[in-house]
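query02.pdb follows (PDB, C-alpha atoms):
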ATOM      1  CA  MET A 107       5.351 -16.975  -4.765  1.00  0.00           C
ATOM      2  CA  PRO A 108       8.441 -16.362  -6.948  1.00  0.00           C
ATOM      3  CA  ARG A 109       9.228 -12.714  -7.656  1.00  0.00           C
ATOM      4  CA  ARG A 110       8.796 -13.039 -11.438  1.00  0.00           C
ATOM      5  CA  ALA A 111       5.507 -14.917 -11.087  1.00  0.00           C
ATOM      6  CA  SER A 112       4.171 -12.163  -8.830  1.00  0.00           C
ATOM      7  CA  PHE A 113       5.054  -9.480 -11.353  1.00  0.00           C
ATOM      8  CA  VAL A 114       3.600 -11.380 -14.285  1.00  0.00           C
ATOM      9  CA  SER A 115       0.336 -11.756 -12.352  1.00  0.00           C
ATOM     10  CA  LEU A 116      -0.208  -8.075 -13.054  1.00  0.00           C
ATOM     11  CA  ALA A 117      -0.198  -8.929 -16.761  1.00  0.00           C
ATOM     12  CA  SER A 118      -3.011 -11.394 -16.143  1.00  0.00           C
ATOM     13  CA  ALA A 119      -5.146  -8.559 -14.838  1.00  0.00           C
ATOM     14  CA  ALA A 120      -4.383  -6.559 -17.949  1.00  0.00           C
ATOM     15  CA  LEU A 121      -5.128  -9.555 -20.162  1.00  0.00           C
ATOM     16  CA  ALA A 122      -8.546 -10.015 -18.574  1.00  0.00           C
ATOM     17  CA  LEU A 123      -9.400  -6.409 -19.333  1.00  0.00           C
ATOM     18  CA  ALA A 124      -7.813  -6.100 -22.763  1.00  0.00           C
ATOM     19  CA  ALA A 125     -10.911  -7.103 -24.708  1.00  0.00           C
ATOM     20  CA  ALA A 126     -12.954  -4.498 -22.861  1.00  0.00           C
ATOM     21  CA  ALA A 127     -10.476  -1.658 -23.341  1.00  0.00           C
ATOM     22  CA  PRO A 128     -12.543   1.334 -24.513  1.00  0.00           C
ATOM     23  CA  ALA A 129     -11.739   3.441 -27.557  1.00  0.00           C
ATOM     24  CA  PHE A 130     -11.512   7.029 -26.313  1.00  0.00           C
ATOM     25  CA  GLY A 131     -10.476   8.574 -29.599  1.00  0.00           C
ATOM     26  CA  ALA A 132      -9.921   7.615 -33.229  1.00  0.00           C
ATOM     27  CA  ASP A 133     -11.440   8.252 -36.660  1.00  0.00           C
ATOM     28  CA  ALA A 134     -14.977   7.233 -37.601  1.00  0.00           C
ATOM     29  CA  ASP A 135     -13.780   3.669 -38.179  1.00  0.00           C
ATOM     30  CA  GLY A 136     -11.917   3.419 -34.870  1.00  0.00           C
ATOM     31  CA  ARG A 137      -8.493   3.795 -36.489  1.00  0.00           C
ATOM     32  CA  PHE A 138      -5.615   6.077 -35.512  1.00  0.00           C
ATOM     33  CA  ALA A 139      -1.968   6.569 -36.428  1.00  0.00           C
ATOM     34  CA  VAL A 140       0.603   5.084 -34.059  1.00  0.00           C
ATOM     35  CA  LYS A 141       4.024   6.689 -33.810  1.00  0.00           C
ATOM     36  CA  GLY A 142       7.303   5.034 -32.879  1.00  0.00           C
ATOM     37  CA  ALA A 143       7.669   1.809 -30.919  1.00  0.00           C
ATOM     38  CA  GLY A 144       3.966   1.628 -30.130  1.00  0.00           C
ATOM     39  CA  GLY A 145       3.279   0.296 -33.609  1.00  0.00           C
ATOM     40  CA  ALA A 146       5.496  -2.782 -33.213  1.00  0.00           C
ATOM     41  CA  ARG A 147       4.065  -6.239 -32.585  1.00  0.00           C
ATOM     42  CA  CYS A 148       4.244  -7.635 -29.077  1.00  0.00           C
ATOM     43  CA  ALA A 149       6.501 -10.413 -30.368  1.00  0.00           C
ATOM     44  CA  ALA A 150       9.180  -7.840 -31.227  1.00  0.00           C
ATOM     45  CA  PHE A 151       9.106  -6.485 -27.667  1.00  0.00           C
ATOM     46  CA  VAL A 152       9.481  -9.999 -26.232  1.00  0.00           C
ATOM     47  CA  GLU A 153      12.391 -10.679 -28.582  1.00  0.00           C
ATOM     48  CA  ALA A 154      14.107  -7.485 -27.433  1.00  0.00           C
ATOM     49  CA  ARG A 155      13.688  -8.497 -23.799  1.00  0.00           C
ATOM     50  CA  GLU A 156      15.003 -12.000 -24.415  1.00  0.00           C
ATOM     51  CA  ALA A 157      18.017 -10.657 -26.324  1.00  0.00           C
ATOM     52  CA  ARG A 158      18.592  -7.973 -23.677  1.00  0.00           C
ATOM     53  CA  ASN A 159      18.689  -5.420 -26.466  1.00  0.00           C
ATOM     54  CA  GLU A 160      19.019  -2.322 -24.299  1.00  0.00           C
ATOM     55  CA  THR A 161      18.600   0.107 -27.195  1.00  0.00           C
ATOM     56  CA  ALA A 162      15.282  -1.450 -28.234  1.00  0.00           C
ATOM     57  CA  ILE A 163      14.094  -1.890 -24.646  1.00  0.00           C
ATOM     58  CA  THR A 164      14.816   1.781 -23.934  1.00  0.00           C
ATOM     59  CA  ALA A 165      12.729   2.752 -26.960  1.00  0.00           C
ATOM     60  CA  TYR A 166       9.774   0.666 -25.739  1.00  0.00           C
ATOM     61  CA  GLN A 167      10.180   1.947 -22.190  1.00  0.00           C
ATOM     62  CA  SER A 168      10.263   5.563 -23.373  1.00  0.00           C
ATOM     63  CA  TRP A 169       7.145   5.017 -25.458  1.00  0.00           C
ATOM     64  CA  MET A 170       5.378   3.480 -22.464  1.00  0.00           C
ATOM     65  CA  SER A 171       6.400   6.414 -20.256  1.00  0.00           C
ATOM     66  CA  GLY A 172       4.986   8.850 -22.788  1.00  0.00           C
ATOM     67  CA  TYR A 173       1.736   6.894 -22.983  1.00  0.00           C
ATOM     68  CA  LEU A 174       1.387   6.865 -19.198  1.00  0.00           C
ATOM     69  CA  THR A 175       2.083  10.595 -19.022  1.00  0.00           C
ATOM     70  CA  ALA A 176      -0.642  11.225 -21.596  1.00  0.00           C
ATOM     71  CA  ALA A 177      -3.017   8.987 -19.637  1.00  0.00           C
ATOM     72  CA  ASN A 178      -2.280  10.999 -16.496  1.00  0.00           C
ATOM     73  CA  ARG A 179      -2.929  14.237 -18.368  1.00  0.00           C
ATOM     74  CA  LEU A 180      -6.131  13.190 -20.115  1.00  0.00           C
ATOM     75  CA  SER A 181      -7.854  10.914 -17.578  1.00  0.00           C
ATOM     76  CA  PRO A 182     -10.268  12.580 -15.131  1.00  0.00           C
ATOM     77  CA  GLU A 183      -9.346  12.538 -11.436  1.00  0.00           C
ATOM     78  CA  THR A 184      -5.872  11.222 -12.138  1.00  0.00           C
ATOM     79  CA  PHE A 185      -2.500  12.401 -10.883  1.00  0.00           C
ATOM     80  CA  ASP A 186      -0.574   9.183 -11.592  1.00  0.00           C
ATOM     81  CA  MET A 187      -1.839   5.935 -13.075  1.00  0.00           C
ATOM     82  CA  VAL A 188       1.150   4.179 -11.546  1.00  0.00           C
ATOM     83  CA  ALA A 189       0.525   4.236  -7.803  1.00  0.00           C
ATOM     84  CA  TRP A 190       3.518   2.151  -6.715  1.00  0.00           C
ATOM     85  CA  GLN A 191       4.753  -0.054  -9.536  1.00  0.00           C
ATOM     86  CA  GLY A 192       8.284   0.550 -10.782  1.00  0.00           C
ATOM     87  CA  ILE A 193       9.456   0.217 -14.362  1.00  0.00           C
ATOM     88  CA  GLY A 194      10.636  -3.345 -13.741  1.00  0.00           C
ATOM     89  CA  VAL A 195       7.172  -4.439 -12.638  1.00  0.00           C
ATOM     90  CA  LEU A 196       5.496  -2.745 -15.585  1.00  0.00           C
ATOM     91  CA  LEU A 197       7.886  -4.180 -18.166  1.00  0.00           C
ATOM     92  CA  ALA A 198       7.479  -7.664 -16.696  1.00  0.00           C
ATOM     93  CA  ALA A 199       3.706  -7.259 -16.840  1.00  0.00           C
ATOM     94  CA  ILE A 200       3.795  -6.139 -20.458  1.00  0.00           C
ATOM     95  CA  GLU A 201       6.149  -8.991 -21.364  1.00  0.00           C
ATOM     96  CA  GLY A 202       3.780 -11.544 -19.848  1.00  0.00           C
ATOM     97  CA  HIS A 203       0.836 -10.037 -21.717  1.00  0.00           C
ATOM     98  CA  CYS A 204       2.800  -9.929 -24.969  1.00  0.00           C
ATOM     99  CA  ARG A 205       3.890 -13.567 -24.674  1.00  0.00           C
ATOM    100  CA  ARG A 206       0.228 -14.531 -24.592  1.00  0.00           C
ATOM    101  CA  ASN A 207      -0.642 -12.181 -27.452  1.00  0.00           C
ATOM    102  CA  PRO A 208       2.391 -12.005 -29.782  1.00  0.00           C
ATOM    103  CA  ASP A 209       0.474 -10.432 -32.673  1.00  0.00           C
ATOM    104  CA  LEU A 210      -1.037  -7.669 -30.506  1.00  0.00           C
ATOM    105  CA  PRO A 211       0.356  -4.189 -31.205  1.00  0.00           C
ATOM    106  CA  PHE A 212       2.566  -2.914 -28.397  1.00  0.00           C
ATOM    107  CA  HIS A 213       0.326   0.150 -27.953  1.00  0.00           C
ATOM    108  CA  ALA A 214      -2.679  -2.106 -27.327  1.00  0.00           C
ATOM    109  CA  ALA A 215      -0.772  -3.997 -24.622  1.00  0.00           C
ATOM    110  CA  ILE A 216       0.062  -0.707 -22.904  1.00  0.00           C
ATOM    111  CA  GLY A 217      -3.561   0.383 -23.237  1.00  0.00           C
ATOM    112  CA  ALA A 218      -4.713  -2.807 -21.527  1.00  0.00           C
ATOM    113  CA  LEU A 219      -2.218  -2.231 -18.720  1.00  0.00           C
ATOM    114  CA  VAL A 220      -3.546   1.288 -18.153  1.00  0.00           C
ATOM    115  CA  ILE A 221      -7.074  -0.105 -17.848  1.00  0.00           C
ATOM    116  CA  ALA A 222      -5.792  -2.570 -15.238  1.00  0.00           C
ATOM    117  CA  LEU A 223      -3.957   0.152 -13.300  1.00  0.00           C
ATOM    118  CA  ALA A 224      -6.754   2.729 -13.352  1.00  0.00           C
ATOM    119  CA  PRO A 225      -8.727   1.566 -10.272  1.00  0.00           C
ATOM    120  CA  ASP A 226      -5.613   1.959  -8.078  1.00  0.00           C
ATOM    121  CA  ARG A 227      -4.304   5.240  -9.512  1.00  0.00           C
ATOM    122  CA  ILE A 228      -3.254   8.230  -7.417  1.00  0.00           C
ATOM    123  CA  THR A 229      -6.208  10.564  -7.913  1.00  0.00           C
ATOM    124  CA  ALA A 230      -4.674  13.779  -6.534  1.00  0.00           C
ATOM    125  CA  ARG A 231      -1.181  15.200  -6.116  1.00  0.00           C
ATOM    126  CA  SER A 232       0.738  13.363  -3.415  1.00  0.00           C
ATOM    127  CA  GLU A 233       4.091  14.263  -1.892  1.00  0.00           C
ATOM    128  CA  LEU A 234       7.024  11.948  -2.452  1.00  0.00           C
ATOM    129  CA  VAL A 235       8.659  10.216   0.505  1.00  0.00           C
ATOM    130  CA  ARG A 236      12.349   9.365   0.170  1.00  0.00           C
ATOM    131  CA  ILE A 237      13.509   6.393   2.223  1.00  0.00           C
ATOM    132  CA  PRO A 238      17.259   5.625   2.471  1.00  0.00           C
ATOM    133  CA  SER A 239      18.060   2.035   1.503  1.00  0.00           C
ATOM    134  CA  GLY A 240      21.780   1.322   1.635  1.00  0.00           C
ATOM    135  CA  GLU A 241      23.463   3.208  -1.181  1.00  0.00           C
ATOM    136  CA  THR A 242      20.136   3.911  -2.901  1.00  0.00           C
ATOM    137  CA  THR A 243      16.897   5.650  -1.971  1.00  0.00           C
ATOM    138  CA  LEU A 244      13.368   4.327  -2.297  1.00  0.00           C
ATOM    139  CA  VAL A 245      10.858   6.920  -3.469  1.00  0.00           C
ATOM    140  CA  VAL A 246       7.155   6.351  -2.827  1.00  0.00           C
ATOM    141  CA  TYR A 247       4.079   8.531  -2.686  1.00  0.00           C
ATOM    142  CA  GLU A 248       2.652   9.516   0.700  1.00  0.00           C
ATOM    143  CA  GLU A 249      -0.642   8.119  -0.574  1.00  0.00           C
ATOM    144  CA  THR A 250       1.027   4.771  -1.235  1.00  0.00           C
ATOM    145  CA  LEU A 251       2.380   4.739   2.311  1.00  0.00           C
ATOM    146  CA  ARG A 252      -1.084   5.597   3.662  1.00  0.00           C
ATOM    147  CA  ARG A 253      -2.508   2.641   1.758  1.00  0.00           C
ATOM    148  CA  THR A 254       0.328   0.496   3.088  1.00  0.00           C
ATOM    149  CA  GLN A 255      -0.339   1.589   6.677  1.00  0.00           C
ATOM    150  CA  LYS A 256      -4.052   0.959   6.261  1.00  0.00           C
ATOM    151  CA  GLN A 257      -3.476  -2.593   5.022  1.00  0.00           C
ATOM    152  CA  LEU A 258      -0.974  -3.281   7.779  1.00  0.00           C
ATOM    153  CA  ALA A 259      -3.451  -1.978  10.360  1.00  0.00           C
ATOM    154  CA  GLN A 260      -6.155  -4.273   8.988  1.00  0.00           C
ATOM    155  CA  ARG A 261      -3.730  -7.140   9.541  1.00  0.00           C
ATOM    156  CA  LYS A 262      -3.173  -5.876  13.114  1.00  0.00           C
ATOM    157  CA  LEU A 263       0.490  -5.270  12.424  1.00  0.00           C
ATOM    158  CA  TYR A 264       0.349  -1.471  12.677  1.00  0.00           C
ATOM    159  CA  THR A 265      -1.265   0.672  15.352  1.00  0.00           C
ATOM    160  CA  GLY A 266       0.069   4.117  14.487  1.00  0.00           C
ATOM    161  CA  ARG A 267      -1.448   7.000  12.565  1.00  0.00           C
ATOM    162  CA  ILE A 268      -2.452   6.551   8.926  1.00  0.00           C
ATOM    163  CA  ASP A 269      -0.447   9.570   7.832  1.00  0.00           C
ATOM    164  CA  GLY A 270       1.783   8.472   4.944  1.00  0.00           C
ATOM    165  CA  LYS A 271       4.942   9.071   6.985  1.00  0.00           C
ATOM    166  CA  PHE A 272       7.692   6.472   7.200  1.00  0.00           C
ATOM    167  CA  GLY A 273       8.660   6.075  10.831  1.00  0.00           C
ATOM    168  CA  ASP A 274       9.853   3.297  13.085  1.00  0.00           C
ATOM    169  CA  GLY A 275       6.329   1.958  13.607  1.00  0.00           C
ATOM    170  CA  THR A 276       5.720   1.641   9.882  1.00  0.00           C
ATOM    171  CA  ARG A 277       9.122   0.025   9.371  1.00  0.00           C
ATOM    172  CA  ARG A 278       8.487  -2.544  12.110  1.00  0.00           C
ATOM    173  CA  ALA A 279       5.028  -3.340  10.744  1.00  0.00           C
ATOM    174  CA  ILE A 280       6.387  -3.844   7.211  1.00  0.00           C
ATOM    175  CA  GLU A 281       9.123  -6.084   8.583  1.00  0.00           C
ATOM    176  CA  ALA A 282       6.534  -8.188  10.443  1.00  0.00           C
ATOM    177  CA  PHE A 283       4.506  -8.513   7.248  1.00  0.00           C
ATOM    178  CA  GLN A 284       7.588  -9.502   5.247  1.00  0.00           C
ATOM    179  CA  LYS A 285       8.472 -12.206   7.752  1.00  0.00           C
ATOM    180  CA  ALA A 286       4.936 -13.579   7.586  1.00  0.00           C
ATOM    181  CA  GLU A 287       5.136 -13.632   3.782  1.00  0.00           C
ATOM    182  CA  ASN A 288       8.662 -15.103   3.632  1.00  0.00           C
ATOM    183  CA  ILE A 289       9.992 -11.943   1.980  1.00  0.00           C
ATOM    184  CA  THR A 290      13.414 -10.539   2.850  1.00  0.00           C
ATOM    185  CA  ALA A 291      12.681  -8.655   6.082  1.00  0.00           C
ATOM    186  CA  SER A 292      14.168  -5.259   5.251  1.00  0.00           C
ATOM    187  CA  GLY A 293      11.349  -3.201   6.734  1.00  0.00           C
ATOM    188  CA  LEU A 294      11.242  -1.241   3.479  1.00  0.00           C
ATOM    189  CA  PRO A 295       8.277  -0.815   1.104  1.00  0.00           C
ATOM    190  CA  ASP A 296      10.012  -2.428  -1.855  1.00  0.00           C
ATOM    191  CA  GLN A 297       8.247  -3.619  -4.990  1.00  0.00           C
ATOM    192  CA  GLN A 298       7.699  -7.216  -3.927  1.00  0.00           C
ATOM    193  CA  THR A 299       6.338  -6.138  -0.534  1.00  0.00           C
ATOM    194  CA  LEU A 300       3.963  -3.587  -2.041  1.00  0.00           C
ATOM    195  CA  PHE A 301       2.763  -6.148  -4.566  1.00  0.00           C
ATOM    196  CA  ARG A 302       1.957  -8.700  -1.857  1.00  0.00           C
ATOM    197  CA  LEU A 303       0.407  -6.137   0.463  1.00  0.00           C
ATOM    198  CA  LEU A 304      -1.508  -3.869  -1.909  1.00  0.00           C
ATOM    199  CA  ARG A 305      -2.292  -5.881  -5.018  1.00  0.00           C
ATOM    200  CA  SER A 306      -4.513  -8.409  -3.230  1.00  0.00           C
ATOM    201  CA  ALA A 307      -6.439  -5.582  -1.587  1.00  0.00           C
ATOM    202  CA  GLU A 308      -6.730  -3.689  -4.875  1.00  0.00           C
ATOM    203  CA  ALA A 309      -7.982  -6.781  -6.713  1.00  0.00           C
ATOM    204  CA  ALA A 310     -10.841  -7.029  -4.228  1.00  0.00           C
ATOM    205  CA  GLN A 311     -12.106  -3.555  -5.129  1.00  0.00           C
ATOM    206  CA  PRO A 312     -14.956  -3.253  -7.655  1.00  0.00           C
ATOM    207  CA  ALA A 313     -13.900  -2.223 -11.128  1.00  0.00           C
ATOM    208  CA  PRO A 314     -14.801   1.341 -12.140  1.00  0.00           C
ATOM    209  CA  ALA A 315     -17.543   1.975 -14.677  1.00  0.00           C
ATOM    210  CA  GLN A 316     -16.153   1.978 -18.184  1.00  0.00           C
ATOM    211  CA  ARG A 317     -16.763   4.787 -20.635  1.00  0.00           C
ATOM    212  CA  PRO A 318     -18.914   3.718 -23.586  1.00  0.00           C
ATOM    213  CA  ARG A 319     -17.344   3.231 -26.972  1.00  0.00           C
ATOM    214  CA  ARG A 320     -17.904   5.988 -29.449  1.00  0.00           C
TER     215      ARG A 320
END
Could you write out this structure as structure tokens?
Amino acid sequence: MPRRASFVSLASAALALAAAAPAFGADADGRFAVKGAGGARCAAFVEAREARNETAITAYQSWMSGYLTAANRLSPETFDMVAWQGIGVLLAAIEGHCRRNPDLPFHAAIGALVIALAPDRITARSELVRIPSGETTLVVYEETLRRTQKQLAQRKLYTGRIDGKFGDGTRRAIEAFQKAENITASGLPDQQTLFRLLRSAEAAQPAPAQRPRR
């Protein structure tokens, strides 16, 4: 599966849930004021991405980050809505959703994405694991690595402890998985690897009960 197609698949999950996105707060008529980039139409976000308008993209990205932070703060049993997805994955997901719904407000697209992410959120504080990768460093939650180890063990690629630590056994198991999936065999839990390994397992989980509309 091409890298871009994999990322945009996340938008499909958001799209399927968009119509059911609950209203957690607003006035008596379900309306509320939207500040900043969140009030723009989806079409404007897509245009900014196509034009590689870094100033506009940064504004949308900052607005999304603020929204996700608020979701973390206000959602019960939530430490981080974003369990493993990086900014690139999230922006690609939102772009795919916005291409299908150009007249949708940007804030509604982000709201749909949060609904899609919620079942796989990090529910309690988790330590960060820093993994050297050439001149850069990958940073993932211990909980994400535990989930990774669990999925690798279910595929009989990993026989070590499910402890969220990144050791040689975890690296070898990830590399074996990458080879089986025709992904660059780096042995590292990069975005494409985590998508292939975790997203299919997450999609099989039952959706959480939704809060009723007010």
Using all atoms listed in the file, list the residues that have an atom at most 6 Å from (-3.0, 6.2, 5.3), coordinates as in the file, as a ChimeraX atom specification. /A:252-253,255-256,268-270
Expansion of the PyMOL selection byres ((chain A and resi 209) around 12) into residues, as a PyMOL selection string: chain A and resi 145-152+203-208+210-215
Rank A:Leu263, A:Ala132, A:Gly172, A:Ala154 by their smallest atom-to-atom distance to A:Ile216, using only C-alpha atoms, and report the top residue only.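 Nearest to A:Ile216: A:Gly172.
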To one decimal place in Å, what is the distance between atom CA of A:Asp296 and atom CA of A:Gly217?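 About the pair atom CA of A:Asp296 and atom CA of A:Gly217: they are 25.5 Å apart.
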Pick from A:Gln167, A:Ser239, A:Asn288, A:Thr229: nearest to A:Ala143, with only C-alpha atoms counted?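 So, comparing all the options, the nearest one is A:Gln167.
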Pull out every residue that the PyMOL selection byres ((chain A and resi 174) around 9) matches in the shown coordinates and put them as a VMD selection string. chain A and resid 169 to 173 175 to 179 186 to 188 216 220
Using all atoms listed in the file, pick whichever of A:Pro182, A:Pro295, A:Gly144, A:Gly136 has the shortest atom-to-atom distance to A:Leu244.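 Of A:Pro182, A:Pro295, A:Gly144, A:Gly136, the one nearest A:Leu244, counting all atoms listed in the file, is A:Pro295.
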So what do you get for atom CA of A:Glu249 versus atom CA of A:Thr290, distance-wise?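 Going from atom CA of A:Glu249 over to atom CA of A:Thr290, I get 23.6 Å.
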